[in-house]
Protein chains: 2
Amino acid sequence: MQKHDPIPAFIEITPGASMSPEVHGWQAKCLQRLVRLGLPVPKSVSLPAFTVRAIAAGHGVDAEGILDHFGDGPLVSVRCSPASPDWGGPHAILNIGLNDARHARLRETHGETAADALYVRFVQSYAIHVARLDPDVFEDVKPGPGALREVLRLYEIETDDPFPQAPARQLSEVLRSMARAWEGTSARLLRAAKGAPADAALGLVVQDMAQGFGQGLSGSGVMQFVDSVTGKRRITGRYLGQSQGRAALAAREALFLTKDPRGPSLEDVAPEIFADLVRHGAVCRERLREEMQIEFTVEDGRLSVLDAVKVARSARAGLRIAVALAEDGVIPKEEAVLRVEPRALSELLHHQVDPRGPRDVIARGIAASPGAATGKLVFTSDAAQASAARSEACILVRRETAPEDIRGMHSAAAVLTERGGMTSHAAVIARGFGLPCVVGASDMRLDAREKKLTAPDGRVFREGDIVTIDGTKGEALAGVAEMLPPALDESFRLLLSWADQVRDIGVRANADTPADAETARKFEAEGIGLCRTEHMFFEEDRLVVMREMIFADTPGDRASALARLLPMQRADFVQLFEIMEGKPVCIRLFDPPLHEFLPSDREGLRDLAEALDRPLSEVTRRAEALSEVNPMLGMRGVRLGIVLPEIYDMQAQAIFEATLESARRGAPVVPEVMIPLVSARREVELVKTRIDAVAAMVRTRAKADFDYKLGVMVETPRAALRAGEIAQHAAFLSFGTNDLTQMTYGLSRDDAGRFMNTYVQQGVFPEDPFHILDVDGVGELLLMGAERGRATRKDLTLSICGEHGGNPESIAFCRKAGFDYVSCSPYRVPMARLAAAHLALKDLVLNKN
Amino acid sequence: MQKHDPIPAFIEITPGASMSPEVHGWQAKCLQRLVRLGLPVPKSVSLPAFTVRAIAAGHGVDAEGILDHFGDGPLVSVRCSPASPDWGGPHAILNIGLNDARHARLRETHGETAADALYVRFVQSYAIHVARLDPDVFEDVKPGPGALREVLRLYEIETDDPFPQAPARQLSEVLRSMARAWEGTSARLLRAAKGAPADAALGLVVQDMAQGFGQGLSGSGVMQFVDSVTGKRRITGRYLGQSQGRAALAAREALFLTKDPRGPSLEDVAPEIFADLVRHGAVCRERLREEMQIEFTVEDGRLSVLDAVKVARSARAGLRIAVALAEDGVIPKEEAVLRVEPRALSELLHHQVDPRGPRDVIARGIAASPGAATGKLVFTSDAAQASAARSEACILVRRETAPEDIRGMHSAAAVLTERGGMTSHAAVIARGFGLPCVVGASDMRLDAREKKLTAPDGRVFREGDIVTIDGTKGEALAGVAEMLPPALDESFRLLLSWADQVRDIGVRANADTPADAETARKFEAEGIGLCRTEHMFFEEDRLVVMREMIFADTPGDRASALARLLPMQRADFVQLFEIMEGKPVCIRLFDPPLHEFLPSDREGLRDLAEALDRPLSEVTRRAEALSEVNPMLGMRGVRLGIVLPEIYDMQAQAIFEATLESARRGAPVVPEVMIPLVSARREVELVKTRIDAVAAMVRTRAKADFDYKLGVMVETPRAALRAGEIAQHAAFLSFGTNDLTQMTYGLSRDDAGRFMNTYVQQGVFPEDPFHILDVDGVGELLLMGAERGRATRKDLTLSICGEHGGNPESIAFCRKAGFDYVSCSPYRVPMARLAAAHLALKDLVLNKN
């Protein structure tokens, strides 16, 4: 066997050097590519990760040997080169090698001011980053002739040592200091937050200084070719004469790069250098397959490219850049798809508070629904509706919301609640509406009767005061905030169409209203996976009839109320089917407990007594009789459907008549009828018998045929356990993971907010299980249900329709379990489509390797 | 091979005949044994089941052949002989063969009156049971000389046929009619209710009539040797001269059997016959191994024993009979154990409404806790306590009960609620107290404010009115009812001690208070399987401190309130340990939501504000802030233990200090500390760490050592699913099947009452799953939890402690699953012990066969 040379502790970055991002770092590898592309990169040496580790562990470093590469009395910089460009790292240190002797020579070549300024800056930088002195030490140093002496004096006082003069000592100290900084606790935490593994490695790059000072055109600058916030193609950056590093970005007197009415530009001053930079930029983009920011120096008219780093970018910019690279053929479409984080999409769907603007936070809570909106404070749903009638944007503030607040929420620009968690009523509805929402803002004090809200700092806000809700960050801000508009442009559409080409699990939307359905269509959902019909009964005109139905004394009275609801329900479904144009619609039969439809306060009961023409005492008594200790576990769902079967009969009739009507209008649909809260096979059997009978009746009356599917919403642990026998009567099973999570944990999502923070902080739960699907517990029930259901019926359609439906983690889980589709709120459909595509692509890569 | 004779269609019952209860019926087999024992049984012929089936199916029967056995012109009776004596069957028909000719002869031998009466009775009986005429047909027939003619005339009019004269035709019609009656729908339903299989067979017995009429001493009677209600040895029965069948039982002029001050007796009139009967009775008991009732006839001084049937008996009589038979060596102890139905025991533990007395039912509900009590109506817990202070028995009526009603319930003689099911608060607590209780009596109307109760028939009952609650039947009765006392005598103790000798699964009691523990000891529970500590905090003096703890602003305030609760808790445990004398005690740490300890009405809140010296508005606001939408799924159990760990710390300290105190007093105990409502491993880990620390602290302070076990109450489906990892930190798992059922079904036991009846009636659920363990769903979680837990830890102790613990079905399930013990309310311990013994004995029998 061939004998290998020992691995060198450092290598010069040459086109032929053997280098990899894992060993030498992404930045070093990038520099090598720039070198290979013929860019004017100053001579550079790479210290691989194992060398840097050894340095951090206390081993010596051959600084002399490194400096030998750079000729006689060189000045060098040290930059960090972690394995991923996203992981940060210690500051670059410039001008290493500068000492009294070299300073004297610089004075001659570049003049006293420039030479002094360079030396002062190096001593300070060394003192702070290497000797770890407090930056305050140099606070009182005045710029000018005496500054250098003063800085050297302060250094000596603080360190008990004169400023080191030997370049090799300077370099070895810098390297040691940077190697150790990488291992520090806060650096570890910072990069872990960016996804770095615990053993993330750091390489270092030592580079010959290109001075940026000189007689001829000299200076330094930074240039990029897209806008970091919008992602649009536009040259941005700055150039500053007689400067080094990234100084141009901070200096007021810096030049623009392209011609600019506000003042002179690099393009004016040095058109050839500008043209070279643009050319270099184009090469970088194409060959590095990424939008790069270029750091450059001009020394006596000679251009050097010191470094190229990935352009920092907002979510919307990231998407545009990825799509543009793919459209230009630089990267394949699949890679563009993979480059956009699914969760980042939600930022593009809504207005956002501009991160560059000021923020006056008055309450913090849970970021329950993304986006931002500004409006006048209102404290009741009535006030919200009145505000909407005046076309005034309003912010609805409630302790928590209840079903009767839905119209108020729909009228509001954003919602803020004192209580609740990620899956409280307010949060769920707001996400459905795409409404910015902050819940569980328990640090503010809400006085609903007095209509005032007190911030933790004591400031009081009253009805009509202007506030902004930032649902993305979970904050309420005083006054108007600067906003960024949504970014639902062609790039967005294109990226998702590419995602759909590889995606292999369906994505539907949960949609209760025509508006929801329109949104679902806009985001190209493949159908409606969950249409909750109860919201339809909260409309003012229906609520009255609904209440009559609830208070009916005889089956006859109940039937007559239901007969009045029938045409309204039918119209709902006709409209829904039309919007969905034949795409599947899964309709969940009536689910909530009846008391949700009754007023909860005395005044409301009095109105109701009047409307029903019954004594208040009777109405109160019967409302009380309907109340429940644990409504979540009470008389609702299929239990209502069995005890008062007329409700489901009416709904089935409405669905089937709408199906026929829809077919006549040219949008034939196969509706999917879903039974909620099932816990036993016989429940399904009983409901199926009646619904089949209703279908037969509708067919006979209309002398027309239609198809439909009957399925079960699996929300109780028992339904999952008994899925085998339940599937005997069900064409599909859709897992309602909200309720399933509540019951598996014995945890009410309405009440969990009070301790969920403590629980997640103490690691009792790794995540809020209402937010991230609990794979171990709830997940096992999903798998059992799926397996047992399919064992009975091979072609059983499986899906989830809980709040988890849109989460990448849940989609991964469902895809692995062989589910047919996930269903989520319309505004999460894009994220779900993209997340599903990511999973398919990652599987493809795994299968290839 | 030997050639078998064809099986005969009937055989004469002789000592050597080949007969079995399965083929010929229990009664025929019993007659054969009487014959073998030398008792004077009239000649009898048995028709086996296959013959009877053939007759029912329309095949002819050789009535002539049967009658040939009985000589010339015989009179015979036909009695039914099902395979089990408990399955009922058609009426016996006497005097078959009686016709005009025979009547004429009888006139000569027995006189006109007796002959006429016999013939009239036979014709009527034949008309009704064989010709199926309406009994009303003979309503207007006056007894006396013309009766016979009239009866024969009516028969002919109604049937269009003269009364059949051929004895063979009479007999074949009787046989056909009885065979068909057995196959009728109502007969099938009746015997199915008594446990008969669908294909239960009937044999028939044709027997020579012993007349009971004659010149010498003639008559008939019935005799038994134990009291049917008490089970005590005592000869009871009647004898009537010149009579047949069981006529003596109904006739006022019948004689007593033994000497009686009220009138002449058989013992007086015919001491030899009486002595013979007693002798026959003793033989029967010993050889038939059962207390028998003997049907006998005396004809001209000649005694015949026509039949012997199992004595009908109450539950308490059944137990005494079984024990006496075993003590007399007639049957083995194991058989005595098997002869008593476990569920029958609960009737013996409490006063019962005497079934022989009148009942004036004013409300019907669910029989939630057995026993009966009479008292004055009260509508509040305060009134109940005041009543108890006056030593007046009272019946507490509430819409439903809440934890603050516990003292009121304890003061009441019985409880009646309008709402709730088998496992509602009222039901659970009442069973724990052994208090008669009816819940879900929704047909009555309760007006708590007006303190009145309106029965379905409109009668109004007010505070102070006397009512009786029959918790065994689930009824409320107006006024005082006649009562039977409990039957906890030596027989009871003996039977259960025999049961314990074969039982192979432990039985503990759920006991929260010293009184519970005393009851548990009385019923010989092997320890406490569930001690709910929260009830301890509802005592008046503790409630105040508890509320201070809840309203504490700082951890310091909370600590000081808890410090005051500590000695009270410690005293509770010391007392409990003393009563249990070293038997294991499993203590569940604090479980309920804190708001249960706060007043729910405005007045209570005002008192509380005063007691705490805080403004009412603040107290109200904080009480509201603690309220929950679904308290069952809220901030309780281990969640409280993690968010406010000081509570568990205090409890652990109290338990451990009581353990040391108890050891000093000579009752060393290894307490078992149980964590409620666990859903994740980490919860157990966190609590265990703190509790271990408290134990170390107590050991150090006291310079003494003690042992304890820490375990988990498995009440959430997730805890069952994750039992494998939970068992890493738990020495035992106890399944709380109440909550587990609630969560598996998504069904609140407090709210299920509203539809449970409909559900069970429609067969949606085969049984109320809170009453009978749902083996398919909840049971699977139990099995999974047990299996996964034991896979982690072989010596893991497994038990159930929910309300199901005492049910024979649950015990069978747990025994099969290898559980160590079941725990149930103290009053169900005897039933559980007996049920467990039954299971072990049945297994023994199965293993032998």
# chains A, B, ... in the order shown; residues from 1 in each chain; ligands from 1
call {"tool": "select_by_dssp", "arguments": {"residues": "segment 9-120 of chain B", "states": "strand (DSSP E)", "output": "list in words"}}
result
Ile11, Glu12, Ser44, Val45, Ser46, Leu47, Val76, Ser77, Val78, Arg79, Cys80, Ser81, Pro82, Ile93, Leu94, Asn95 and Ile96 of chain B
call {"tool": "residues_around", "arguments": {"residues": "Pro143 of chain B", "least_positions_apart": "6", "cutoff": "10 Å", "atoms": "only C-alpha atoms", "output": "PDB file with N, CA and C atoms, in the first residue's frame"}}
result
ATOM      1  N   ASP B 116    -116.961 -33.731  41.706  1.00  0.00           N
ATOM      2  CA  ASP B 116    -117.311 -32.582  40.856  1.00  0.00           C
ATOM      3  C   ASP B 116    -116.187 -31.539  40.848  1.00  0.00           C
ATOM      4  N   ALA B 117    -115.723 -31.224  42.073  1.00  0.00           N
ATOM      5  CA  ALA B 117    -114.688 -30.181  42.176  1.00  0.00           C
ATOM      6  C   ALA B 117    -113.455 -30.576  41.352  1.00  0.00           C
ATOM      7  N   VAL B 120    -114.320 -30.306  37.573  1.00  0.00           N
ATOM      8  CA  VAL B 120    -114.411 -28.890  37.175  1.00  0.00           C
ATOM      9  C   VAL B 120    -113.010 -28.294  37.039  1.00  0.00           C
TER      10      VAL B 120
END
call {"tool": "atom_distance", "arguments": {"atom1": "atom CA of Thr423 of chain B", "atom2": "atom CA of Glu803 of chain B"}}
result
7.3 Å
call {"tool": "interface_residues", "arguments": {"of": "chain B", "to": "chain A", "cutoff": "8 Å", "atoms": "only C-alpha atoms", "output": "VMD selection string"}}
result
chain B and resid 628 to 635 639 643 677 679 to 683 716 to 719 721 to 722 742 to 748 750 to 752 754 to 755 758 763 to 765 776 to 778 780
call {"tool": "residues_around", "arguments": {"residues": "segment 517-528 of chain A", "least_positions_apart": "2", "cutoff": "6 Å", "atoms": "only C-alpha atoms", "output": "number ranges by chain"}}
result
A: 507-511, 514-515, 530, 583-586, 826
call {"tool": "write_last_selection", "arguments": {"atoms": "all heavy atoms", "output": "PDB file, in the first residue's frame"}}
result
ATOM      1  N   VAL A 507     -52.739  17.238  -0.007  1.00  0.00           N
ATOM      2  CA  VAL A 507     -52.927  18.336   0.941  1.00  0.00           C
ATOM      3  C   VAL A 507     -54.288  18.962   0.687  1.00  0.00           C
ATOM      4  O   VAL A 507     -54.557  19.451  -0.408  1.00  0.00           O
ATOM      5  CB  VAL A 507     -51.829  19.416   0.810  1.00  0.00           C
ATOM      6  CG1 VAL A 507     -52.130  20.582   1.755  1.00  0.00           C
ATOM      7  CG2 VAL A 507     -50.463  18.828   1.098  1.00  0.00           C
ATOM      8  N   ARG A 508     -55.137  18.869   1.681  1.00  0.00           N
ATOM      9  CA  ARG A 508     -56.430  19.531   1.598  1.00  0.00           C
ATOM     10  C   ARG A 508     -56.497  20.634   2.648  1.00  0.00           C
ATOM     11  O   ARG A 508     -55.613  20.756   3.486  1.00  0.00           O
ATOM     12  CB  ARG A 508     -57.553  18.535   1.863  1.00  0.00           C
ATOM     13  CG  ARG A 508     -57.701  17.433   0.831  1.00  0.00           C
ATOM     14  CD  ARG A 508     -59.066  16.807   1.013  1.00  0.00           C
ATOM     15  NE  ARG A 508     -59.214  15.552   0.314  1.00  0.00           N
ATOM     16  CZ  ARG A 508     -60.336  14.814   0.405  1.00  0.00           C
ATOM     17  NH1 ARG A 508     -61.355  15.225   1.181  1.00  0.00           N
ATOM     18  NH2 ARG A 508     -60.444  13.681  -0.246  1.00  0.00           N
ATOM     19  N   ALA A 509     -57.586  21.403   2.586  1.00  0.00           N
ATOM     20  CA  ALA A 509     -57.747  22.487   3.558  1.00  0.00           C
ATOM     21  C   ALA A 509     -58.951  22.226   4.453  1.00  0.00           C
ATOM     22  O   ALA A 509     -59.930  21.624   4.026  1.00  0.00           O
ATOM     23  CB  ALA A 509     -57.923  23.815   2.831  1.00  0.00           C
ATOM     24  N   ASN A 510     -58.856  22.676   5.699  1.00  0.00           N
ATOM     25  CA  ASN A 510     -60.030  22.739   6.559  1.00  0.00           C
ATOM     26  C   ASN A 510     -60.758  24.032   6.214  1.00  0.00           C
ATOM     27  O   ASN A 510     -60.171  25.108   6.306  1.00  0.00           O
ATOM     28  CB  ASN A 510     -59.619  22.759   8.035  1.00  0.00           C
ATOM     29  CG  ASN A 510     -58.815  21.531   8.419  1.00  0.00           C
ATOM     30  OD1 ASN A 510     -58.789  20.532   7.693  1.00  0.00           O
ATOM     31  ND2 ASN A 510     -58.156  21.591   9.557  1.00  0.00           N
ATOM     32  N   ALA A 511     -61.988  23.937   5.770  1.00  0.00           N
ATOM     33  CA  ALA A 511     -62.688  25.146   5.317  1.00  0.00           C
ATOM     34  C   ALA A 511     -64.157  25.039   5.675  1.00  0.00           C
ATOM     35  O   ALA A 511     -64.818  24.081   5.289  1.00  0.00           O
ATOM     36  CB  ALA A 511     -62.516  25.324   3.815  1.00  0.00           C
ATOM     37  N   PRO A 514     -67.578  29.805   2.646  1.00  0.00           N
ATOM     38  CA  PRO A 514     -67.166  30.107   1.271  1.00  0.00           C
ATOM     39  C   PRO A 514     -65.843  30.869   1.239  1.00  0.00           C
ATOM     40  O   PRO A 514     -64.984  30.591   0.392  1.00  0.00           O
ATOM     41  CB  PRO A 514     -68.323  30.955   0.739  1.00  0.00           C
ATOM     42  CG  PRO A 514     -69.512  30.478   1.526  1.00  0.00           C
ATOM     43  CD  PRO A 514     -68.985  30.152   2.889  1.00  0.00           C
ATOM     44  N   ALA A 515     -65.651  31.801   2.192  1.00  0.00           N
ATOM     45  CA  ALA A 515     -64.395  32.562   2.206  1.00  0.00           C
ATOM     46  C   ALA A 515     -63.215  31.617   2.418  1.00  0.00           C
ATOM     47  O   ALA A 515     -62.180  31.711   1.741  1.00  0.00           O
ATOM     48  CB  ALA A 515     -64.432  33.632   3.299  1.00  0.00           C
ATOM     49  N   LEU A 530     -61.876  18.999   5.863  1.00  0.00           N
ATOM     50  CA  LEU A 530     -62.724  19.136   7.054  1.00  0.00           C
ATOM     51  C   LEU A 530     -63.574  20.384   6.913  1.00  0.00           C
ATOM     52  O   LEU A 530     -63.059  21.493   6.950  1.00  0.00           O
ATOM     53  CB  LEU A 530     -61.874  19.225   8.328  1.00  0.00           C
ATOM     54  CG  LEU A 530     -62.642  19.512   9.629  1.00  0.00           C
ATOM     55  CD1 LEU A 530     -63.611  18.385   9.938  1.00  0.00           C
ATOM     56  CD2 LEU A 530     -61.684  19.718  10.799  1.00  0.00           C
ATOM     57  N   LYS A 583     -63.756  19.322  -6.749  1.00  0.00           N
ATOM     58  CA  LYS A 583     -62.753  18.732  -5.850  1.00  0.00           C
ATOM     59  C   LYS A 583     -63.473  18.158  -4.631  1.00  0.00           C
ATOM     60  O   LYS A 583     -64.524  18.645  -4.239  1.00  0.00           O
ATOM     61  CB  LYS A 583     -61.754  19.805  -5.408  1.00  0.00           C
ATOM     62  CG  LYS A 583     -60.855  20.254  -6.537  1.00  0.00           C
ATOM     63  CD  LYS A 583     -59.650  21.021  -6.025  1.00  0.00           C
ATOM     64  CE  LYS A 583     -58.839  21.570  -7.185  1.00  0.00           C
ATOM     65  NZ  LYS A 583     -58.257  20.506  -8.029  1.00  0.00           N
ATOM     66  N   PRO A 584     -62.893  17.130  -4.005  1.00  0.00           N
ATOM     67  CA  PRO A 584     -63.621  16.483  -2.904  1.00  0.00           C
ATOM     68  C   PRO A 584     -63.843  17.418  -1.712  1.00  0.00           C
ATOM     69  O   PRO A 584     -63.007  18.264  -1.403  1.00  0.00           O
ATOM     70  CB  PRO A 584     -62.706  15.317  -2.506  1.00  0.00           C
ATOM     71  CG  PRO A 584     -61.377  15.620  -3.080  1.00  0.00           C
ATOM     72  CD  PRO A 584     -61.618  16.478  -4.290  1.00  0.00           C
ATOM     73  N   VAL A 585     -65.007  17.260  -1.089  1.00  0.00           N
ATOM     74  CA  VAL A 585     -65.352  18.045   0.099  1.00  0.00           C
ATOM     75  C   VAL A 585     -65.786  17.060   1.180  1.00  0.00           C
ATOM     76  O   VAL A 585     -66.706  16.276   0.983  1.00  0.00           O
ATOM     77  CB  VAL A 585     -66.509  19.028  -0.208  1.00  0.00           C
ATOM     78  CG1 VAL A 585     -66.902  19.785   1.059  1.00  0.00           C
ATOM     79  CG2 VAL A 585     -66.111  20.004  -1.304  1.00  0.00           C
ATOM     80  N   CYS A 586     -65.082  17.106   2.298  1.00  0.00           N
ATOM     81  CA  CYS A 586     -65.399  16.208   3.412  1.00  0.00           C
ATOM     82  C   CYS A 586     -66.141  17.008   4.484  1.00  0.00           C
ATOM     83  O   CYS A 586     -65.587  17.930   5.082  1.00  0.00           O
ATOM     84  CB  CYS A 586     -64.118  15.614   3.980  1.00  0.00           C
ATOM     85  SG  CYS A 586     -64.415  14.500   5.348  1.00  0.00           S
ATOM     86  N   PRO A 826     -56.520  26.793   5.640  1.00  0.00           N
ATOM     87  CA  PRO A 826     -56.141  27.208   4.281  1.00  0.00           C
ATOM     88  C   PRO A 826     -54.800  27.927   4.239  1.00  0.00           C
ATOM     89  O   PRO A 826     -54.008  27.707   3.332  1.00  0.00           O
ATOM     90  CB  PRO A 826     -57.281  28.149   3.859  1.00  0.00           C
ATOM     91  CG  PRO A 826     -58.448  27.747   4.690  1.00  0.00           C
ATOM     92  CD  PRO A 826     -57.888  27.226   5.983  1.00  0.00           C
TER      93      PRO A 826
END
call {"tool": "residues_around", "arguments": {"residues": "Ala187 of chain B", "least_positions_apart": "4", "cutoff": "10 Å", "atoms": "only C-alpha atoms", "output": "PyMOL selection string"}}
result
chain B and resi 87-90+181-183+191-193
call {"tool": "residues_around", "arguments": {"residues": "Asp601 of chain B", "least_positions_apart": "6", "cutoff": "12 Å", "atoms": "only C-alpha atoms", "output": "ChimeraX atom specification"}}
result
/B:607-608,620,623-624
call {"tool": "residues_around", "arguments": {"residues": "Glu400 of chain B", "least_positions_apart": "6", "cutoff": "8 Å", "atoms": "only C-alpha atoms", "output": "NGL selection string"}}
result
:B and (417-420 or 425-426)
call {"tool": "write_last_selection", "arguments": {"atoms": "C-alpha atoms", "output": "short mmCIF file (atom, residue, chain, number, x, y, z; two decimals), in the first residue's frame"}}
result
data_model
loop_
_atom_site.label_atom_id
_atom_site.label_comp_id
_atom_site.auth_asym_id
_atom_site.auth_seq_id
_atom_site.Cartn_x
_atom_site.Cartn_y
_atom_site.Cartn_z
CA THR B 417 -79.69 13.27 42.86
CA GLU B 418 -81.42 14.46 39.74
CA ARG B 419 -78.38 14.06 37.50
CA GLY B 420 -75.37 11.82 37.15
CA HIS B 425 -69.51 12.17 42.28
CA ALA B 426 -72.56 11.30 44.36
#
call {"tool": "closest_residue", "arguments": {"among": "B:Leu783, B:Ala441, B:Ile294, B:Leu496", "to": "Val340 of chain B", "atoms": "only C-alpha atoms"}}
result
B:Leu496
call {"tool": "select_by_dssp", "arguments": {"residues": "segment 662-792 of chain A", "states": "alpha helix (DSSP H)", "output": "ChimeraX atom specification"}}
result
/A:662-664,681-702,717-721,723-726,737-745,753-761,778-792
call {"tool": "closest_residue", "arguments": {"among": "A:Gly241, A:Ala571, A:Arg665, A:Ile505", "to": "Arg815 of chain A", "atoms": "only C-alpha atoms"}}
result
A:Ile505
call {"tool": "residues_around", "arguments": {"residues": "Asp470 of chain B", "least_positions_apart": "5", "cutoff": "10 Å", "atoms": "only C-alpha atoms", "output": "JSON list (two decimals) with C-alpha atoms, in the first residue's frame"}}
result
[["chain", "number", "residue", "atom", "x", "y", "z"],
["B", 351, "HIS", "CA", -80.55, -2.54, 55.27],
["B", 352, "GLN", "CA", -82.93, -3.49, 52.47],
["B", 353, "VAL", "CA", -86.51, -2.60, 51.76],
["B", 361, "VAL", "CA", -92.54, 4.93, 44.31],
["B", 364, "ARG", "CA", -86.89, 6.25, 39.65],
["B", 367, "ALA", "CA", -79.32, 2.25, 41.58],
["B", 368, "ALA", "CA", -75.99, 3.85, 42.38],
["B", 369, "SER", "CA", -75.26, 2.47, 45.84],
["B", 370, "PRO", "CA", -77.15, -0.44, 47.40],
["B", 371, "GLY", "CA", -79.15, -0.49, 50.61],
["B", 372, "ALA", "CA", -82.09, 1.49, 51.89],
["B", 373, "ALA", "CA", -82.74, 4.20, 54.44],
["B", 374, "THR", "CA", -85.64, 6.34, 55.60],
["B", 414, "ALA", "CA", -79.15, 8.33, 51.91],
["B", 415, "VAL", "CA", -78.67, 10.49, 48.86],
["B", 416, "LEU", "CA", -80.86, 11.22, 45.86],
["B", 436, "PRO", "CA", -77.85, 4.11, 49.84],
["B", 437, "CYS", "CA", -77.93, 6.33, 46.78],
["B", 438, "VAL", "CA", -80.09, 6.89, 43.73],
["B", 475, "GLU", "CA", -86.13, 4.15, 43.65],
["B", 476, "ALA", "CA", -87.34, 6.76, 46.08],
["B", 477, "LEU", "CA", -90.45, 5.80, 48.07],
["B", 481, "ALA", "CA", -90.81, 1.35, 54.22]]
